[in-house]
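Text of start15.csv (CSV, C-alpha atoms) as supplied:
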chain,number,residue,atom,x,y,z
L,1,MET,CA,-20.8,-1.6,28.0
L,2,LYS,CA,-20.5,-5.4,28.0
L,3,LEU,CA,-17.4,-7.5,27.7
L,4,PRO,CA,-17.0,-8.9,24.2
L,5,SER,CA,-17.5,-12.6,23.5
L,6,THR,CA,-15.0,-14.9,22.0
L,7,ASN,CA,-16.8,-14.3,18.7
L,8,LEU,CA,-14.9,-11.0,18.4
L,9,VAL,CA,-11.6,-13.0,18.7
L,10,HIS,CA,-12.9,-15.3,15.9
L,11,VAL,CA,-13.7,-12.3,13.7
L,12,LEU,CA,-10.3,-10.8,14.3
L,13,ILE,CA,-8.6,-14.1,13.4
L,14,GLY,CA,-10.8,-14.5,10.3
L,15,LYS,CA,-10.0,-11.0,9.2
L,16,ALA,CA,-6.3,-11.6,9.6
L,17,ILE,CA,-6.5,-14.8,7.6
L,18,LEU,CA,-8.5,-13.0,4.8
L,19,GLU,CA,-6.0,-10.1,4.7
L,20,THR,CA,-3.0,-12.5,4.6
L,21,VAL,CA,-4.6,-14.3,1.6
L,22,LEU,CA,-5.4,-11.0,0.0
L,23,VAL,CA,-1.9,-9.7,0.3
L,24,GLY,CA,-0.4,-13.0,-0.8
L,25,SER,CA,-2.7,-13.1,-3.9
L,26,LEU,CA,-1.8,-9.5,-4.7
L,27,ALA,CA,1.9,-10.3,-4.4
L,28,ILE,CA,1.6,-13.2,-6.8
L,29,LEU,CA,-0.7,-11.3,-9.2
L,30,GLY,CA,1.7,-8.3,-9.1
L,31,PHE,CA,4.7,-10.5,-9.8
L,32,LEU,CA,3.0,-12.3,-12.7
L,33,THR,CA,1.9,-9.0,-14.2
L,34,VAL,CA,5.4,-7.4,-14.0
L,35,LEU,CA,7.5,-10.5,-14.5
L,36,PRO,CA,5.4,-13.1,-16.4
L,37,PRO,CA,7.0,-16.5,-16.8
L,38,SER,CA,6.1,-16.5,-20.5
L,39,PHE,CA,9.4,-15.1,-21.9
L,40,HIS,CA,11.7,-17.6,-23.5
L,41,GLY,CA,14.8,-17.3,-25.5
L,42,SER,CA,18.4,-18.2,-26.2
L,43,GLY,CA,21.6,-16.5,-27.3
L,44,GLU,CA,25.0,-17.5,-28.6
L,45,VAL,CA,28.2,-15.9,-29.6
L,46,THR,CA,28.9,-15.2,-33.3
L,47,ASP,CA,32.1,-14.0,-34.9
L,48,HIS,CA,31.3,-10.3,-34.3
L,49,GLY,CA,28.5,-10.2,-31.7
L,50,ILE,CA,25.6,-12.0,-30.0
L,51,ALA,CA,22.7,-13.5,-31.8
L,52,GLY,CA,19.6,-15.4,-30.6
L,53,TRP,CA,15.9,-15.3,-30.3
L,54,ALA,CA,13.3,-14.2,-27.8
L,55,VAL,CA,9.5,-15.0,-27.7
L,56,ASN,CA,6.6,-14.2,-25.4
L,57,SER,CA,4.6,-17.4,-25.4
L,58,GLY,CA,1.7,-15.5,-23.8
L,59,SER,CA,1.6,-13.3,-26.9
L,60,PRO,CA,3.1,-15.4,-29.7
L,61,TRP,CA,2.8,-12.8,-32.4
L,62,GLU,CA,4.5,-10.1,-30.3
L,63,ARG,CA,8.0,-8.9,-31.3
L,64,VAL,CA,9.9,-8.8,-28.1
L,65,GLU,CA,12.2,-5.8,-27.4
L,66,VAL,CA,15.5,-7.1,-26.1
L,67,GLN,CA,18.4,-5.3,-24.4
L,68,LEU,CA,22.0,-6.5,-24.4
L,69,PHE,CA,24.2,-6.0,-21.4
L,70,ILE,CA,27.9,-6.8,-21.6
L,71,ASP,CA,29.8,-7.2,-18.3
L,72,GLY,CA,26.8,-5.8,-16.5
L,73,LYS,CA,26.6,-2.6,-18.6
L,74,PHE,CA,23.9,-1.7,-21.0
L,75,PHE,CA,25.1,-2.0,-24.6
L,76,ALA,CA,22.2,-1.9,-27.0
L,77,THR,CA,18.5,-2.5,-27.6
L,78,GLN,CA,16.6,-3.8,-30.5
L,79,VAL,CA,13.3,-5.5,-31.4
L,80,ALA,CA,13.7,-9.2,-32.0
L,81,ASP,CA,12.2,-9.5,-35.4
L,82,GLU,CA,15.0,-11.1,-37.5
L,83,PRO,CA,14.1,-14.5,-39.2
L,84,ARG,CA,14.9,-17.6,-37.1
L,85,PRO,CA,13.3,-20.6,-38.9
L,86,ASP,CA,14.4,-22.9,-36.0
L,87,VAL,CA,12.1,-21.1,-33.5
L,88,PRO,CA,8.7,-22.2,-35.0
L,89,THR,CA,10.2,-25.6,-35.9
L,90,ALA,CA,10.9,-26.1,-32.2
L,91,ARG,CA,7.3,-24.8,-31.5
L,92,TRP,CA,8.5,-21.8,-29.4
L,93,ALA,CA,6.5,-19.5,-31.7
L,94,LEU,CA,4.0,-19.5,-34.5
L,95,ASP,CA,6.3,-17.6,-37.0
L,96,GLU,CA,10.0,-17.2,-37.5
L,97,TRP,CA,10.4,-13.4,-36.9
L,98,HIS,CA,11.8,-13.6,-33.4
L,99,GLY,CA,15.5,-13.4,-33.9
L,100,TYR,CA,18.0,-10.7,-32.8
L,101,VAL,CA,21.6,-10.0,-33.9
L,102,PHE,CA,23.8,-7.5,-32.0
L,103,GLU,CA,26.9,-6.5,-33.9
L,104,ILE,CA,29.7,-5.5,-31.4
L,105,ASN,CA,32.9,-3.8,-32.5
L,106,SER,CA,34.1,-1.9,-29.4
L,107,LEU,CA,35.2,-4.5,-26.9
L,108,THR,CA,38.7,-5.0,-25.4
L,109,ILE,CA,40.6,-8.2,-26.0
L,110,GLY,CA,39.9,-10.8,-23.4
L,111,PRO,CA,37.0,-12.5,-21.6
L,112,HIS,CA,33.5,-11.0,-21.3
L,113,GLU,CA,30.0,-12.0,-20.5
L,114,ALA,CA,26.8,-11.0,-22.3
L,115,ARG,CA,23.2,-11.2,-20.9
L,116,VAL,CA,20.1,-10.6,-23.0
L,117,TYR,CA,16.9,-9.2,-21.3
L,118,ALA,CA,13.4,-9.0,-22.6
L,119,LEU,CA,11.9,-5.5,-21.9
L,120,ARG,CA,8.4,-5.9,-20.5
L,121,THR,CA,6.0,-2.9,-20.3
L,122,SER,CA,2.9,-3.2,-18.2
L,123,ARG,CA,0.1,-1.2,-16.5
L,124,GLN,CA,-0.4,1.2,-19.4
L,125,GLY,CA,3.3,1.9,-19.8
L,126,THR,CA,3.9,2.9,-16.2
L,127,LYS,CA,5.9,-0.2,-15.2
L,128,LYS,CA,8.9,-1.5,-17.1
L,129,SER,CA,10.9,-4.6,-16.2
L,130,LEU,CA,13.8,-6.5,-17.6
L,131,GLN,CA,13.6,-10.3,-17.6
L,132,GLN,CA,16.7,-12.3,-18.6
L,133,VAL,CA,16.1,-14.6,-21.6
L,134,GLY,CA,18.4,-17.5,-22.0
L,135,ALA,CA,21.5,-18.2,-20.0
L,136,PRO,CA,24.5,-15.7,-19.6
L,137,ILE,CA,26.8,-16.0,-22.6
L,138,PRO,CA,30.5,-16.0,-21.8
L,139,PHE,CA,32.9,-15.2,-24.7
L,140,LEU,CA,36.4,-14.2,-25.6
L,141,VAL,CA,37.5,-11.4,-27.9
L,142,GLY,CA,40.7,-12.5,-29.6
L,143,SER,CA,43.5,-10.3,-30.9
L,144,ASP,CA,42.1,-10.7,-34.4
L,145,GLY,CA,38.8,-9.2,-33.2
L,146,ILE,CA,36.9,-12.5,-33.6
L,147,PHE,CA,34.5,-13.6,-30.8
L,148,ARG,CA,34.8,-17.1,-29.5
L,149,LYS,CA,33.3,-19.4,-26.9
L,150,PRO,CA,35.7,-19.9,-24.0
L,151,PRO,CA,37.2,-23.4,-24.1
L,152,ASP,CA,35.5,-24.4,-20.9
L,153,ALA,CA,32.0,-23.1,-22.0
L,154,LYS,CA,29.2,-25.7,-22.4
R,155,MET,CA,-31.2,-43.8,36.8
R,156,LEU,CA,-32.3,-40.5,38.1
R,157,SER,CA,-29.6,-38.2,39.3
R,158,ASN,CA,-29.8,-35.3,41.7
R,159,GLU,CA,-28.6,-32.8,39.1
R,160,PRO,CA,-31.1,-30.0,38.3
R,161,MET,CA,-33.2,-30.6,35.2
R,162,ILE,CA,-32.3,-27.1,33.8
R,163,ALA,CA,-29.0,-27.2,32.0
R,164,PRO,CA,-26.7,-24.3,32.9
R,165,ASP,CA,-26.3,-21.6,30.3
R,166,THR,CA,-22.8,-22.6,29.4
R,167,LYS,CA,-22.8,-20.6,26.1
R,168,THR,CA,-22.9,-17.2,27.7
R,169,SER,CA,-20.5,-18.0,30.6
R,170,LEU,CA,-17.9,-19.8,28.4
R,171,ALA,CA,-18.3,-17.5,25.5
R,172,ARG,CA,-17.3,-14.5,27.5
R,173,LEU,CA,-13.6,-13.6,27.6
R,174,PRO,CA,-11.7,-13.2,30.9
R,175,ALA,CA,-11.6,-9.6,31.9
R,176,GLY,CA,-7.8,-9.6,31.9
R,177,MET,CA,-7.8,-10.2,28.2
R,178,ALA,CA,-9.9,-7.1,27.4
R,179,ARG,CA,-6.9,-4.9,27.2
R,180,TRP,CA,-5.1,-7.1,24.7
R,181,LEU,CA,-8.2,-7.6,22.7
R,182,ALA,CA,-8.7,-3.8,22.4
R,183,LEU,CA,-5.1,-3.4,21.3
R,184,TRP,CA,-5.5,-6.2,18.8
R,185,GLU,CA,-8.6,-4.4,17.3
R,186,ILE,CA,-6.5,-1.2,16.9
R,187,ALA,CA,-3.7,-3.1,15.2
R,188,SER,CA,-6.1,-4.9,12.9
R,189,VAL,CA,-7.8,-1.7,11.7
R,190,VAL,CA,-4.4,0.1,11.2
R,191,THR,CA,-3.1,-3.0,9.3
R,192,SER,CA,-6.1,-2.9,7.0
R,193,CYS,CA,-5.5,0.8,6.2
R,194,LEU,CA,-1.8,0.1,5.6
R,195,ILE,CA,-2.6,-2.7,3.2
R,196,ALA,CA,-4.9,-0.3,1.3
R,197,GLU,CA,-2.2,2.4,1.2
R,198,TRP,CA,0.8,0.2,0.5
R,199,ALA,CA,0.2,-3.4,-0.6
R,200,VAL,CA,-2.6,-2.7,-3.1
R,201,LEU,CA,-0.7,0.2,-4.8
R,202,VAL,CA,2.6,-1.7,-4.9
R,203,PHE,CA,1.2,-4.9,-6.4
R,204,ILE,CA,-1.8,-3.9,-8.4
R,205,GLY,CA,-1.8,-0.1,-8.9
R,206,ARG,CA,-4.6,2.3,-8.3
R,207,SER,CA,-7.5,-0.1,-8.1
R,208,LYS,CA,-10.3,1.3,-6.0
R,209,LEU,CA,-12.1,-2.0,-6.1
R,210,ILE,CA,-9.3,-3.9,-4.6
R,211,MET,CA,-8.5,-1.1,-2.2
R,212,ALA,CA,-12.1,-1.4,-1.0
R,213,ILE,CA,-11.5,-4.9,0.3
R,214,PRO,CA,-9.2,-4.1,3.3
R,215,VAL,CA,-11.2,-0.9,4.0
R,216,GLY,CA,-14.4,-2.9,3.9
R,217,LEU,CA,-13.0,-5.6,6.2
R,218,ALA,CA,-11.8,-2.9,8.7
R,219,PHE,CA,-15.2,-1.2,8.6
R,220,ALA,CA,-17.0,-4.6,9.1
R,221,LEU,CA,-14.8,-5.3,12.1
R,222,MET,CA,-15.5,-1.9,13.6
R,223,LEU,CA,-19.2,-2.3,13.2
R,224,TYR,CA,-19.1,-5.8,14.6
R,225,SER,CA,-17.0,-4.7,17.6
R,226,HIS,CA,-19.4,-1.9,18.4
R,227,ARG,CA,-22.3,-4.4,18.4
R,228,GLU,CA,-20.3,-6.8,20.5
R,229,ARG,CA,-19.6,-4.1,23.0
R,230,ASP,CA,-23.1,-2.6,22.9
R,231,GLU,CA,-21.8,0.8,21.8
R,232,SER,CA,-24.4,3.0,20.3
R,233,ALA,CA,-23.8,5.7,17.7
R,234,ARG,CA,-24.4,8.3,20.5
R,235,ASP,CA,-21.7,6.6,22.6
R,236,ILE,CA,-19.2,6.8,19.7
R,237,GLY,CA,-19.9,10.5,19.2
R,238,LEU,CA,-22.3,10.5,16.3
R,239,GLY,CA,-25.0,12.3,18.1
R,240,ALA,CA,-25.8,16.0,18.5
R,241,GLU,CA,-24.7,15.9,22.2
R,242,HIS,CA,-21.4,17.7,23.0
R,243,PHE,CA,-21.3,19.3,19.6
R,244,LEU,CA,-21.1,22.9,20.8
R,245,GLY,CA,-18.9,21.9,23.7
R,246,ALA,CA,-16.5,20.2,21.3
R,247,CYS,CA,-16.6,23.1,18.9
R,248,ARG,CA,-15.7,25.5,21.8
R,249,LEU,CA,-12.8,23.3,22.7
R,250,LEU,CA,-11.6,23.0,19.1
R,251,LEU,CA,-12.0,26.6,18.1
R,252,ILE,CA,-8.7,28.0,19.4
R,253,PRO,CA,-6.4,25.1,18.3
R,254,THR,CA,-8.1,24.9,14.9
R,255,ALA,CA,-7.9,28.7,14.3
R,256,LEU,CA,-4.3,28.7,15.5
R,257,ALA,CA,-3.4,25.8,13.2
R,258,VAL,CA,-5.1,27.4,10.2
R,259,ALA,CA,-3.4,30.7,10.9
R,260,LEU,CA,0.0,29.0,11.2
R,261,ILE,CA,-0.5,27.1,8.0
R,262,ILE,CA,-1.6,30.2,6.0
R,263,THR,CA,1.3,32.2,7.4
R,264,PHE,CA,3.8,29.5,6.6
R,265,GLY,CA,2.3,29.0,3.1
R,266,TRP,CA,2.4,32.8,2.5
R,267,PHE,CA,6.1,33.1,3.4
R,268,ALA,CA,7.1,29.8,1.7
R,269,SER,CA,5.3,30.7,-1.6
R,270,GLN,CA,6.5,34.4,-1.3
R,271,GLY,CA,3.0,35.7,-1.1
R,272,HIS,CA,1.6,33.6,-3.9
R,273,PHE,CA,-0.8,30.7,-3.1
R,274,GLY,CA,-0.5,28.5,-6.2
R,275,ALA,CA,-3.1,25.9,-5.4
R,276,SER,CA,-6.4,26.2,-7.0
R,277,TRP,CA,-9.9,25.2,-5.8
R,278,ARG,CA,-11.0,21.6,-6.6
R,279,TRP,CA,-14.5,20.4,-6.5
R,280,ARG,CA,-13.4,17.3,-4.6
R,281,PHE,CA,-12.8,19.6,-1.6
R,282,VAL,CA,-16.6,19.6,-1.2
R,283,ALA,CA,-16.4,16.0,0.0
R,284,LEU,CA,-13.7,16.9,2.5
R,285,PRO,CA,-16.1,17.0,5.6
R,286,VAL,CA,-17.4,13.5,4.8
R,287,TRP,CA,-13.8,12.1,4.3
R,288,ALA,CA,-12.8,13.9,7.6
R,289,LEU,CA,-15.8,12.4,9.4
R,290,PHE,CA,-14.8,8.9,8.2
R,291,GLN,CA,-11.2,9.5,9.4
R,292,GLN,CA,-12.3,10.9,12.7
R,293,TYR,CA,-14.7,8.0,13.2
R,294,VAL,CA,-11.8,5.5,12.7
R,295,LEU,CA,-9.3,7.5,14.7
R,296,ASN,CA,-11.5,8.5,17.6
R,297,GLY,CA,-14.8,6.7,17.4
R,298,PHE,CA,-12.9,3.4,17.2
R,299,ILE,CA,-9.1,3.7,17.9
R,300,ASN,CA,-9.4,6.2,20.7
R,301,ARG,CA,-12.2,4.2,22.4
R,302,ARG,CA,-10.2,1.0,22.2
R,303,ALA,CA,-7.1,2.7,23.4
R,304,GLN,CA,-9.1,3.9,26.4
R,305,MET,CA,-10.2,0.4,27.1
R,306,ALA,CA,-6.6,-0.7,27.1
R,307,PHE,CA,-4.9,2.2,29.0
R,308,GLY,CA,-7.8,4.3,30.3
R,309,ALA,CA,-8.3,8.0,29.4
R,310,GLY,CA,-5.2,10.1,29.5
R,311,MET,CA,-1.7,10.5,27.9
R,312,LYS,CA,-1.2,6.8,27.0
R,313,SER,CA,-4.4,6.4,25.0
R,314,ILE,CA,-4.0,9.8,23.4
R,315,ALA,CA,-0.4,8.8,22.4
R,316,VAL,CA,-1.8,5.6,20.8
R,317,VAL,CA,-4.3,7.7,18.8
R,318,ALA,CA,-1.6,10.2,17.7
R,319,VAL,CA,0.9,7.5,16.7
R,320,ALA,CA,-1.7,5.5,14.8
R,321,PHE,CA,-2.8,8.6,12.9
R,322,SER,CA,0.8,9.5,12.1
R,323,VAL,CA,1.8,6.0,11.0
R,324,LEU,CA,-1.1,6.1,8.5
R,325,HIS,CA,0.4,9.2,6.9
R,326,LEU,CA,3.9,7.8,6.4
R,327,PRO,CA,6.2,8.0,4.5
R,328,SER,CA,5.6,11.7,4.2
R,329,PRO,CA,7.8,13.0,7.1
R,330,ARG,CA,6.2,16.4,7.4
R,331,LEU,CA,2.7,15.1,7.2
R,332,ALA,CA,3.6,12.4,9.8
R,333,VAL,CA,4.7,15.1,12.2
R,334,LEU,CA,1.6,17.3,11.6
R,335,THR,CA,-0.7,14.4,12.0
R,336,LEU,CA,1.0,13.3,15.2
R,337,VAL,CA,0.3,16.7,16.7
R,338,GLY,CA,-3.2,16.9,15.2
R,339,GLY,CA,-4.0,13.3,16.3
R,340,ALA,CA,-3.0,14.2,19.9
R,341,ILE,CA,-5.1,17.3,20.0
R,342,TRP,CA,-8.2,15.7,18.4
R,343,GLY,CA,-7.7,12.6,20.7
R,344,PHE,CA,-7.5,14.9,23.8
R,345,VAL,CA,-10.7,16.8,22.8
R,346,TYR,CA,-12.6,13.5,22.0
R,347,GLN,CA,-11.8,12.2,25.5
R,348,ARG,CA,-13.2,15.4,27.0
R,349,VAL,CA,-16.2,15.9,24.8
R,350,PRO,CA,-16.8,13.0,22.3
R,351,ASN,CA,-18.4,14.5,19.2
R,352,LEU,CA,-17.2,13.4,15.8
R,353,TYR,CA,-19.0,16.1,13.8
R,354,ALA,CA,-17.1,18.8,15.6
R,355,LEU,CA,-13.8,17.0,15.1
R,356,ALA,CA,-14.6,16.5,11.4
R,357,LEU,CA,-15.2,20.2,10.9
R,358,SER,CA,-11.9,21.0,12.6
R,359,HIS,CA,-10.2,18.3,10.5
R,360,SER,CA,-11.7,19.7,7.3
R,361,ALA,CA,-10.6,23.2,8.1
R,362,VAL,CA,-7.0,22.2,8.7
R,363,SER,CA,-6.9,19.9,5.6
R,364,LEU,CA,-8.4,22.6,3.4
R,365,ALA,CA,-5.8,25.1,4.6
R,366,LEU,CA,-3.0,22.6,4.0
R,367,ALA,CA,-4.3,21.8,0.5
R,368,LEU,CA,-4.8,25.5,-0.5
R,369,ALA,CA,-2.0,27.3,1.3
R,370,ILE,CA,0.9,24.9,1.3
R,371,SER,CA,2.8,24.2,-1.9
R,372,PRO,CA,2.7,20.5,-3.1
R,373,TYR,CA,6.5,20.7,-2.8
R,374,TRP,CA,6.3,20.8,1.0
R,375,LEU,CA,3.8,18.0,1.5
R,376,ASN,CA,4.0,16.2,-1.8
R,377,GLY,CA,0.3,17.0,-2.6
R,378,LEU,CA,-0.8,15.3,0.7
R,379,ARG,CA,0.1,11.9,-0.7
R,380,VAL,CA,0.6,9.1,1.7
R,381,GLY,CA,1.5,5.4,1.5
R,382,PHE,CA,3.0,4.1,-1.7
R,383,LYS,CA,1.4,6.9,-3.7
R,384,TYR,CA,3.9,9.3,-2.0
R,385,PHE,CA,6.5,8.0,-4.4
R,386,GLY,CA,4.7,9.0,-7.6
Re-express the file's structure as structure tokens.
Amino acid sequence: MKLPSTNLVHVLIGKAILETVLVGSLAILGFLTVLPPSFHGSGEVTDHGIAGWAVNSGSPWERVEVQLFIDGKFFATQVADEPRPDVPTARWALDEWHGYVFEINSLTIGPHEARVYALRTSRQGTKKSLQQVGAPIPFLVGSDGIFRKPPDAK
Amino acid sequence: MLSNEPMIAPDTKTSLARLPAGMARWLALWEIASVVTSCLIAEWAVLVFIGRSKLIMAIPVGLAFALMLYSHRERDESARDIGLGAEHFLGACRLLLIPTALAVALIITFGWFASQGHFGASWRWRFVALPVWALFQQYVLNGFINRRAQMAFGAGMKSIAVVAVAFSVLHLPSPRLAVLTLVGGAIWGFVYQRVPNLYALALSHSAVSLALALAISPYWLNGLRVGFKYFG
């Protein structure tokens, strides 16, 4: 058996580079499949809950399923299909049926934080992921039961 | 101006293109690591990021296969050298008969007691392809990894340990299968170093795999799943 030439080293280096590129590409593709950057939305506090809108710009006619978490705990889920005329006006979607309204009536008095997530299902329903839409929504529940923005909120 | 140098240029390509002998060990270990990495990419990275895509999975497997074939060519190894000839077949079978029979008997006995006398697994037609799959695994394990391990450490305990550990790592994260393949890899690696014949090893591998698939409940070995597939 002869000693190998430096060509074998070149082949090993080339293979390592190809596999690094492959794994990197798979990671990016996997990330984009599970957590696509096409979800957009916004939420705000109302007198008795949280309301807002959520769209998937990659699929503009889709009604996005959203989940509300309050203080880190799951609260409710619904499909964002309420009318929001401001959404197509701002060119976020092609129609207005992308709004959501969560009525909340079981919170203690004091400060809380709400986060709304878009539920994404991929790979024939085998993978589900939550992607936050919009910024966290801080709010106060007053003694009268009315929800308000905290004074220092933007 | 004429010089006194000879008119025939020295064959610098062959002299410079050869690696120093001291590097041979590291190169052999690098080859092992490269092939094992390709298998791990197929078992883990593809499933994690893409799912069960046989086409994508074929890329790292194909790269490993191409490397192994190129390496054999670079090292002037023939199919007969690797163990793909008829030589040593009967000798290897003789050496494998007792450990294989013992392993199958132990598996069946354990399966019998673990399942309280009822083997639940049923025959699947894909078991027919088991010898081919076993031959492929034995080619990678012994026809390539064992030979490269011997180049790095010589025949004996160290190179057999490399074979056994590599085989075991490729069966993670299933802890029981990892232990079984560590033992199996050591026995097959030992036999290959004595009588290198991959067909005999593939027969032994098929017999043990078939016994595991039919006699051991999926509860114990999670349906022989390895890599990311182990989790579901």
Task: For chain L, the nearest of the candidates R:Lys208, R:Arg229, R:Ala268, R:Ala220, counting all atoms listed in the file - done: R:Arg229
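When all atoms listed in the file are used to measure the gap to Ile50 in chain L, the shortest distance among L:Phe69, L:Thr108, L:His98, L:Ser5 belongs to L:Phe69.
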Open item on the list: Considering all atoms listed in the file, can you say which of R:Thr263, R:Ser313, R:Asn296, R:Gln347 comes closest to Leu366 in chain R?
Closed with: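 Of the candidates, the smallest distance to Leu366 in chain R is held by R:Thr263.
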TODO: Would you mind telling me which residue in L:Lys149, L:Thr46, L:Gln67, L:Gly41 lies nearest to Leu130 in chain L when using all atoms listed in the file?
DONE: L:Gln67
- [ ] Compile the contact shell of range 14-30 of chain L as a VMD selection string: residues with an atom at most 6 Å away, counting all atoms listed in the file, same-chain residues fewer than 3 positions apart removed.
- [x] (chain L and resid 11 33) or (chain R and resid 203 to 204)
Task: For CA of Leu201 in chain R and CA of Arg302 in chain R, the interatomic separation in Å (one decimal) - done: 28.6 Å
Open item on the list: Using only C-alpha atoms and a cut-off of 8 Å, which residues of chain R sit close to chain L? Please list them as a ChimeraX atom specification.
Closed with: /R:171-173,175,178,181,185,188,192,195,199-200,202-205,214,217,221,224-225,228-231
